[in-house]
Amino acid sequence: MKNYQDINAETIDRWIEEGWIWGVPISHETFLAAGKGNWDVQLTPTKMVPHDWFPDLKGKKVLGLASGGGQQMPIFAALGAECTVLDYSPKQLESERTVAEREGYDIEIIRADMTKRLPFEDGTFDLIFHPVSNCYVEEVKPIWKECYRILKKGGILLSGTDFFINYIVDDDETSIINHLPFNPLKDPEQMKQLEAGDSGVQFSHTLEEQINGQLEAGFVLTALYEDTNGEGRLHELSIPTFLAMRSVKL
(Lines give C-alpha, C1' and ligand atoms only; values in the text may rest on other atoms or scores of the structure.)
Protein backbone atom coordinates (compact mmCIF):
# COMPACT_ATOMS: atom_id res chain seq x y z
CA MET A 1 0.00 0.00 0.00
CA LYS A 2 1.35 3.43 -0.94
CA ASN A 3 2.09 5.87 1.85
CA TYR A 4 0.27 9.17 1.73
CA GLN A 5 3.35 11.13 0.69
CA ASP A 6 3.72 9.01 -2.45
CA ILE A 7 0.02 9.53 -3.20
CA ASN A 8 0.51 13.29 -2.84
CA ALA A 9 3.55 13.32 -5.12
CA GLU A 10 1.61 11.47 -7.81
CA THR A 11 -1.38 13.78 -7.34
CA ILE A 12 0.68 16.96 -7.63
CA ASP A 13 2.49 15.62 -10.70
CA ARG A 14 -0.91 15.02 -12.29
CA TRP A 15 -2.10 18.53 -11.37
CA ILE A 16 1.00 19.99 -13.03
CA GLU A 17 0.22 18.11 -16.25
CA GLU A 18 -3.25 19.68 -16.08
CA GLY A 19 -1.84 23.20 -15.71
CA TRP A 20 -1.85 23.70 -11.92
CA ILE A 21 -1.06 27.36 -11.22
CA TRP A 22 1.59 26.50 -8.60
CA GLY A 23 3.44 24.31 -11.08
CA VAL A 24 3.97 26.86 -13.85
CA PRO A 25 7.60 28.13 -13.92
CA ILE A 26 8.37 31.82 -14.26
CA SER A 27 9.21 33.24 -17.66
CA HIS A 28 12.62 34.39 -18.89
CA GLU A 29 11.33 37.96 -18.75
CA THR A 30 10.33 37.58 -15.09
CA PHE A 31 13.77 36.22 -14.27
CA LEU A 32 15.50 39.15 -15.97
CA ALA A 33 13.23 41.65 -14.19
CA ALA A 34 14.10 40.09 -10.82
CA GLY A 35 17.78 40.62 -11.53
CA LYS A 36 17.00 44.32 -12.01
CA GLY A 37 15.18 44.51 -8.67
CA ASN A 38 11.60 44.10 -9.92
CA TRP A 39 10.29 40.99 -8.22
CA ASP A 40 7.68 39.47 -5.91
CA VAL A 41 7.05 36.03 -4.42
CA GLN A 42 4.12 34.41 -2.62
CA LEU A 43 3.82 32.20 0.44
CA THR A 44 0.00 32.11 0.21
CA PRO A 45 -2.53 32.38 -2.64
CA THR A 46 -2.96 36.13 -3.22
CA LYS A 47 -0.63 38.35 -1.18
CA MET A 48 2.99 39.08 -1.97
CA VAL A 49 5.61 38.66 0.73
CA PRO A 50 6.85 42.07 1.96
CA HIS A 51 10.35 42.73 0.70
CA ASP A 52 11.44 43.82 4.17
CA TRP A 53 10.88 40.26 5.36
CA PHE A 54 14.02 39.32 3.43
CA PRO A 55 17.68 40.09 4.11
CA ASP A 56 19.97 41.07 1.26
CA LEU A 57 20.04 37.71 -0.52
CA LYS A 58 23.34 38.15 -2.33
CA GLY A 59 25.58 35.27 -1.25
CA LYS A 60 23.01 33.93 1.22
CA LYS A 61 22.23 30.22 1.38
CA VAL A 62 18.50 29.75 0.75
CA LEU A 63 16.44 26.56 1.05
CA GLY A 64 13.13 26.27 -0.76
CA LEU A 65 11.34 23.73 1.43
CA ALA A 66 8.55 22.01 -0.52
CA SER A 67 9.03 24.97 -2.85
CA GLY A 68 9.59 23.31 -6.23
CA GLY A 69 7.96 24.49 -9.42
CA GLY A 70 10.39 27.06 -10.75
CA GLN A 71 8.55 30.03 -9.27
CA GLN A 72 10.37 31.32 -6.18
CA MET A 73 13.84 29.80 -6.32
CA PRO A 74 14.71 31.37 -9.71
CA ILE A 75 13.83 34.77 -8.23
CA PHE A 76 16.18 34.20 -5.31
CA ALA A 77 18.90 33.00 -7.68
CA ALA A 78 18.47 36.17 -9.74
CA LEU A 79 18.96 38.15 -6.52
CA GLY A 80 22.28 36.43 -5.92
CA ALA A 81 21.34 33.68 -3.46
CA GLU A 82 22.92 30.23 -3.36
CA CYS A 83 19.81 28.10 -3.73
CA THR A 84 18.77 24.61 -2.70
CA VAL A 85 15.28 23.26 -3.34
CA LEU A 86 13.75 20.23 -1.64
CA ASP A 87 10.46 18.77 -2.85
CA TYR A 88 8.83 15.36 -3.20
CA SER A 89 7.15 15.96 -6.55
CA PRO A 90 9.39 14.90 -9.45
CA LYS A 91 7.65 17.28 -11.84
CA GLN A 92 8.09 20.25 -9.50
CA LEU A 93 11.79 19.48 -9.34
CA GLU A 94 11.91 19.01 -13.11
CA SER A 95 10.61 22.57 -13.47
CA GLU A 96 13.38 23.84 -11.18
CA ARG A 97 15.99 22.11 -13.31
CA THR A 98 14.48 23.42 -16.54
CA VAL A 99 14.50 27.06 -15.38
CA ALA A 100 18.03 26.81 -13.94
CA GLU A 101 19.36 25.40 -17.23
CA ARG A 102 17.49 28.04 -19.22
CA GLU A 103 18.82 30.92 -17.13
CA GLY A 104 22.28 29.51 -16.46
CA TYR A 105 22.45 29.44 -12.66
CA ASP A 106 23.37 26.65 -10.26
CA ILE A 107 20.86 25.14 -7.83
CA GLU A 108 21.02 22.05 -5.67
CA ILE A 109 17.91 19.96 -6.35
CA ILE A 110 16.89 17.34 -3.80
CA ARG A 111 13.95 14.96 -3.83
CA ALA A 112 13.12 14.16 -0.22
CA ASP A 113 10.20 13.73 2.16
CA MET A 114 10.00 16.70 4.55
CA THR A 115 8.31 14.53 7.18
CA LYS A 116 11.71 12.84 7.65
CA ARG A 117 14.94 14.31 9.01
CA LEU A 118 16.07 16.87 6.46
CA PRO A 119 19.33 15.90 4.67
CA PHE A 120 21.35 18.91 5.83
CA GLU A 121 23.86 19.68 8.55
CA ASP A 122 22.99 21.90 11.51
CA GLY A 123 23.19 25.62 10.76
CA THR A 124 23.38 25.29 6.98
CA PHE A 125 20.99 27.99 5.72
CA ASP A 126 20.45 31.72 6.11
CA LEU A 127 16.82 31.55 5.00
CA ILE A 128 14.13 28.91 4.50
CA PHE A 129 11.23 29.68 2.18
CA HIS A 130 8.31 27.33 2.87
CA PRO A 131 5.10 28.12 0.91
CA VAL A 132 1.78 26.51 1.83
CA SER A 133 2.47 22.77 1.75
CA ASN A 134 2.37 21.39 5.28
CA CYS A 135 -1.36 20.79 4.77
CA TYR A 136 -0.10 17.66 2.97
CA VAL A 137 1.60 16.24 6.07
CA GLU A 138 0.07 14.83 9.19
CA GLU A 139 2.49 16.25 11.77
CA VAL A 140 3.94 19.75 11.39
CA LYS A 141 5.81 20.27 14.67
CA PRO A 142 8.72 18.02 13.63
CA ILE A 143 9.11 20.12 10.48
CA TRP A 144 9.48 23.32 12.54
CA LYS A 145 12.12 21.63 14.69
CA GLU A 146 14.06 20.56 11.61
CA CYS A 147 13.85 24.08 10.17
CA TYR A 148 15.27 25.46 13.39
CA ARG A 149 18.09 22.91 13.36
CA ILE A 150 19.28 23.60 9.83
CA LEU A 151 19.10 27.41 10.05
CA LYS A 152 22.11 29.45 11.08
CA LYS A 153 21.87 31.66 14.15
CA GLY A 154 19.96 34.72 12.99
CA GLY A 155 18.44 32.70 10.14
CA ILE A 156 14.93 33.43 8.90
CA LEU A 157 11.99 31.08 8.31
CA LEU A 158 9.28 32.38 5.97
CA SER A 159 6.28 30.04 5.99
CA GLY A 160 2.82 29.88 4.50
CA THR A 161 0.34 27.78 6.47
CA ASP A 162 -3.29 26.71 6.37
CA PHE A 163 -5.94 28.14 8.65
CA PHE A 164 -8.01 24.89 8.89
CA ILE A 165 -11.24 26.62 7.81
CA ASN A 166 -11.16 25.11 4.31
CA TYR A 167 -11.44 21.66 5.84
CA ILE A 168 -14.75 22.15 7.65
CA VAL A 169 -16.84 23.34 4.68
CA ASP A 170 -18.31 21.60 1.64
CA ASP A 171 -17.10 22.18 -1.92
CA ASP A 172 -19.47 25.15 -2.36
CA GLU A 173 -18.21 26.64 0.92
CA THR A 174 -21.79 27.14 2.11
CA SER A 175 -22.17 24.47 4.79
CA ILE A 176 -20.05 23.13 7.63
CA ILE A 177 -19.78 19.38 7.09
CA ASN A 178 -16.60 18.21 8.82
CA HIS A 179 -15.32 17.94 12.36
CA LEU A 180 -11.76 18.83 13.27
CA PRO A 181 -9.11 17.70 13.04
CA PHE A 182 -9.47 16.78 9.39
CA ASN A 183 -7.37 13.65 9.19
CA PRO A 184 -8.26 11.23 6.38
CA LEU A 185 -5.88 8.60 7.77
CA LYS A 186 -8.21 8.30 10.75
CA ASP A 187 -11.56 9.12 9.13
CA PRO A 188 -12.55 7.09 6.02
CA GLU A 189 -15.34 9.52 5.15
CA GLN A 190 -12.86 12.38 4.96
CA MET A 191 -10.63 10.28 2.74
CA LYS A 192 -13.58 9.66 0.41
CA GLN A 193 -14.14 13.42 0.13
CA LEU A 194 -10.53 13.95 -0.92
CA GLU A 195 -10.59 11.09 -3.40
CA ALA A 196 -13.78 12.43 -5.00
CA GLY A 197 -12.08 15.76 -5.59
CA ASP A 198 -8.70 14.33 -6.65
CA SER A 199 -7.23 16.34 -3.77
CA GLY A 200 -4.46 14.06 -2.60
CA VAL A 201 -4.19 13.44 1.14
CA GLN A 202 -4.57 16.61 3.18
CA PHE A 203 -4.75 17.48 6.86
CA SER A 204 -6.04 20.38 8.91
CA HIS A 205 -3.72 21.97 11.47
CA THR A 206 -4.50 24.19 14.41
CA LEU A 207 -2.96 27.60 15.01
CA GLU A 208 -1.33 26.02 18.05
CA GLU A 209 0.47 23.61 15.74
CA GLN A 210 1.40 26.28 13.23
CA ILE A 211 2.32 29.19 15.51
CA ASN A 212 3.10 27.65 18.86
CA GLY A 213 4.85 24.80 17.08
CA GLN A 214 7.39 27.32 15.80
CA LEU A 215 7.71 28.93 19.22
CA GLU A 216 8.27 25.53 20.83
CA ALA A 217 11.01 24.84 18.28
CA GLY A 218 12.79 28.00 19.48
CA PHE A 219 11.76 30.56 16.86
CA VAL A 220 10.83 34.17 17.59
CA LEU A 221 7.84 35.29 15.54
CA THR A 222 8.48 38.75 14.10
CA ALA A 223 5.61 39.32 11.63
CA LEU A 224 2.56 37.68 10.07
CA TYR A 225 -0.36 38.31 7.76
CA GLU A 226 -3.57 36.54 6.76
CA ASP A 227 -4.70 35.62 3.26
CA THR A 228 -7.74 34.16 1.49
CA ASN A 229 -8.18 31.36 -1.05
CA GLY A 230 -8.17 33.80 -3.94
CA GLU A 231 -11.47 32.42 -5.25
CA GLY A 232 -14.73 30.89 -3.99
CA ARG A 233 -17.31 31.99 -1.44
CA LEU A 234 -14.93 32.26 1.52
CA HIS A 235 -12.73 34.56 -0.56
CA GLU A 236 -15.73 36.63 -1.64
CA LEU A 237 -16.66 37.05 2.03
CA SER A 238 -13.05 38.05 2.85
CA ILE A 239 -12.68 35.12 5.26
CA PRO A 240 -8.98 34.34 5.77
CA THR A 241 -7.91 30.74 5.33
CA PHE A 242 -4.11 31.06 5.29
CA LEU A 243 -1.41 32.57 7.45
CA ALA A 244 2.09 33.72 6.45
CA MET A 245 4.75 34.06 9.14
CA ARG A 246 8.26 35.47 9.48
CA SER A 247 10.24 33.80 12.25
CA VAL A 248 13.86 34.11 13.34
CA LYS A 249 16.33 31.77 15.01
CA LEU A 250 18.08 34.00 17.57
# chains A, B, ... in the order shown; residues from 1 in each chain; ligands from 1
call {"tool": "residues_around", "arguments": {"residues": "stretch 221-231 of chain A", "least_positions_apart": "4", "cutoff": "12 Å", "atoms": "only C-alpha atoms", "output": "NGL selection string"}}
result
:A and (42-50 or 52-54 or 132 or 156-166 or 172-173 or 210-217 or 235-250)
call {"tool": "select_by_dssp", "arguments": {"residues": "stretch 30-106 of chain A", "states": "strand (DSSP E or B)", "output": "CSV table (one decimal) with all heavy atoms, in the first residue's frame"}}
result
chain,number,residue,atom,x,y,z
A,42,GLN,N,5.3,34.7,-3.5
A,42,GLN,CA,4.1,34.4,-2.6
A,42,GLN,C,4.4,33.2,-1.7
A,42,GLN,O,5.0,32.2,-2.1
A,42,GLN,CB,2.9,34.1,-3.5
A,42,GLN,CG,2.4,35.3,-4.3
A,42,GLN,CD,1.4,34.9,-5.4
A,42,GLN,OE1,1.8,34.8,-6.5
A,42,GLN,NE2,0.2,34.7,-5.0
A,48,MET,N,1.6,39.2,-1.8
A,48,MET,CA,3.0,39.1,-2.0
A,48,MET,C,3.7,39.3,-0.6
A,48,MET,O,3.3,40.0,0.2
A,48,MET,CB,3.5,40.1,-3.0
A,48,MET,CG,2.8,40.0,-4.3
A,48,MET,SD,3.1,38.4,-5.1
A,48,MET,CE,1.9,38.6,-6.5
A,61,LYS,N,22.6,31.6,1.7
A,61,LYS,CA,22.2,30.2,1.4
A,61,LYS,C,20.7,30.1,1.7
A,61,LYS,O,20.3,30.2,2.8
A,61,LYS,CB,23.1,29.2,2.2
A,61,LYS,CG,24.6,29.3,1.9
A,61,LYS,CD,25.3,28.2,2.5
A,61,LYS,CE,25.0,26.9,1.7
A,61,LYS,NZ,25.9,25.8,2.2
A,62,VAL,N,20.0,29.8,0.6
A,62,VAL,CA,18.5,29.7,0.8
A,62,VAL,C,18.0,28.3,0.4
A,62,VAL,O,18.4,27.8,-0.6
A,62,VAL,CB,17.9,30.8,-0.2
A,62,VAL,CG1,16.3,30.6,-0.2
A,62,VAL,CG2,18.3,32.2,0.2
A,63,LEU,N,17.1,27.8,1.3
A,63,LEU,CA,16.4,26.6,1.0
A,63,LEU,C,15.0,26.8,0.7
A,63,LEU,O,14.3,27.5,1.5
A,63,LEU,CB,16.5,25.7,2.3
A,63,LEU,CG,15.6,24.4,2.2
A,63,LEU,CD1,16.2,23.4,1.1
A,63,LEU,CD2,15.6,23.7,3.6
A,64,GLY,N,14.5,26.3,-0.4
A,64,GLY,CA,13.1,26.3,-0.8
A,64,GLY,C,12.6,24.9,-0.3
A,64,GLY,O,12.8,23.9,-0.9
A,65,LEU,N,11.9,25.0,0.8
A,65,LEU,CA,11.3,23.7,1.4
A,65,LEU,C,9.9,23.4,0.9
A,65,LEU,O,9.0,24.2,1.1
A,65,LEU,CB,11.3,23.9,3.0
A,65,LEU,CG,10.8,22.7,3.7
A,65,LEU,CD1,11.7,21.4,3.5
A,65,LEU,CD2,10.8,23.0,5.2
A,82,GLU,N,22.5,31.6,-3.1
A,82,GLU,CA,22.9,30.2,-3.4
A,82,GLU,C,21.8,29.3,-3.0
A,82,GLU,O,21.5,29.1,-1.8
A,82,GLU,CB,24.2,29.9,-2.6
A,82,GLU,CG,25.4,30.7,-2.9
A,82,GLU,CD,26.6,30.4,-2.0
A,82,GLU,OE1,26.6,29.3,-1.4
A,82,GLU,OE2,27.5,31.2,-1.9
A,83,CYS,N,21.1,28.7,-4.0
A,83,CYS,CA,19.8,28.1,-3.7
A,83,CYS,C,19.9,26.6,-3.7
A,83,CYS,O,20.6,25.9,-4.4
A,83,CYS,CB,18.8,28.5,-4.8
A,83,CYS,SG,18.4,30.3,-4.8
A,84,THR,N,19.0,26.0,-2.8
A,84,THR,CA,18.8,24.6,-2.7
A,84,THR,C,17.3,24.5,-2.7
A,84,THR,O,16.6,25.2,-2.0
A,84,THR,CB,19.4,24.0,-1.4
A,84,THR,OG1,20.8,24.2,-1.4
A,84,THR,CG2,19.0,22.5,-1.3
A,85,VAL,N,16.7,23.5,-3.4
A,85,VAL,CA,15.3,23.3,-3.3
A,85,VAL,C,15.0,21.8,-3.0
A,85,VAL,O,15.7,20.9,-3.5
A,85,VAL,CB,14.6,23.6,-4.7
A,85,VAL,CG1,15.1,22.8,-5.8
A,85,VAL,CG2,13.0,23.5,-4.5
A,86,LEU,N,14.1,21.6,-2.1
A,86,LEU,CA,13.7,20.2,-1.6
A,86,LEU,C,12.2,20.1,-1.9
A,86,LEU,O,11.5,20.9,-1.4
A,86,LEU,CB,14.1,20.0,-0.2
A,86,LEU,CG,13.8,18.6,0.4
A,86,LEU,CD1,14.8,18.3,1.5
A,86,LEU,CD2,12.4,18.5,1.0
A,87,ASP,N,11.9,19.0,-2.6
A,87,ASP,CA,10.5,18.8,-2.8
A,87,ASP,C,10.3,17.3,-3.0
A,87,ASP,O,11.3,16.6,-3.2
A,87,ASP,CB,10.0,19.5,-4.1
A,87,ASP,CG,8.5,19.9,-4.1
A,87,ASP,OD1,7.7,18.9,-4.2
A,87,ASP,OD2,8.2,21.0,-4.0
call {"tool": "select_by_dssp", "arguments": {"residues": "stretch 48-202 of chain A", "states": "helix (DSSP H, G or I)", "output": "VMD selection string"}}
result
chain A and resid 51 to 53 73 to 78 90 to 103 134 to 136 141 to 150 165 to 167 188 to 196
call {"tool": "residues_around", "arguments": {"residues": "A:Ile75", "least_positions_apart": "2", "cutoff": "8 Å", "atoms": "only C-alpha atoms", "output": "PyMOL selection string"}}
result
chain A and resi 31+34-35+39+41+71-73+77-79
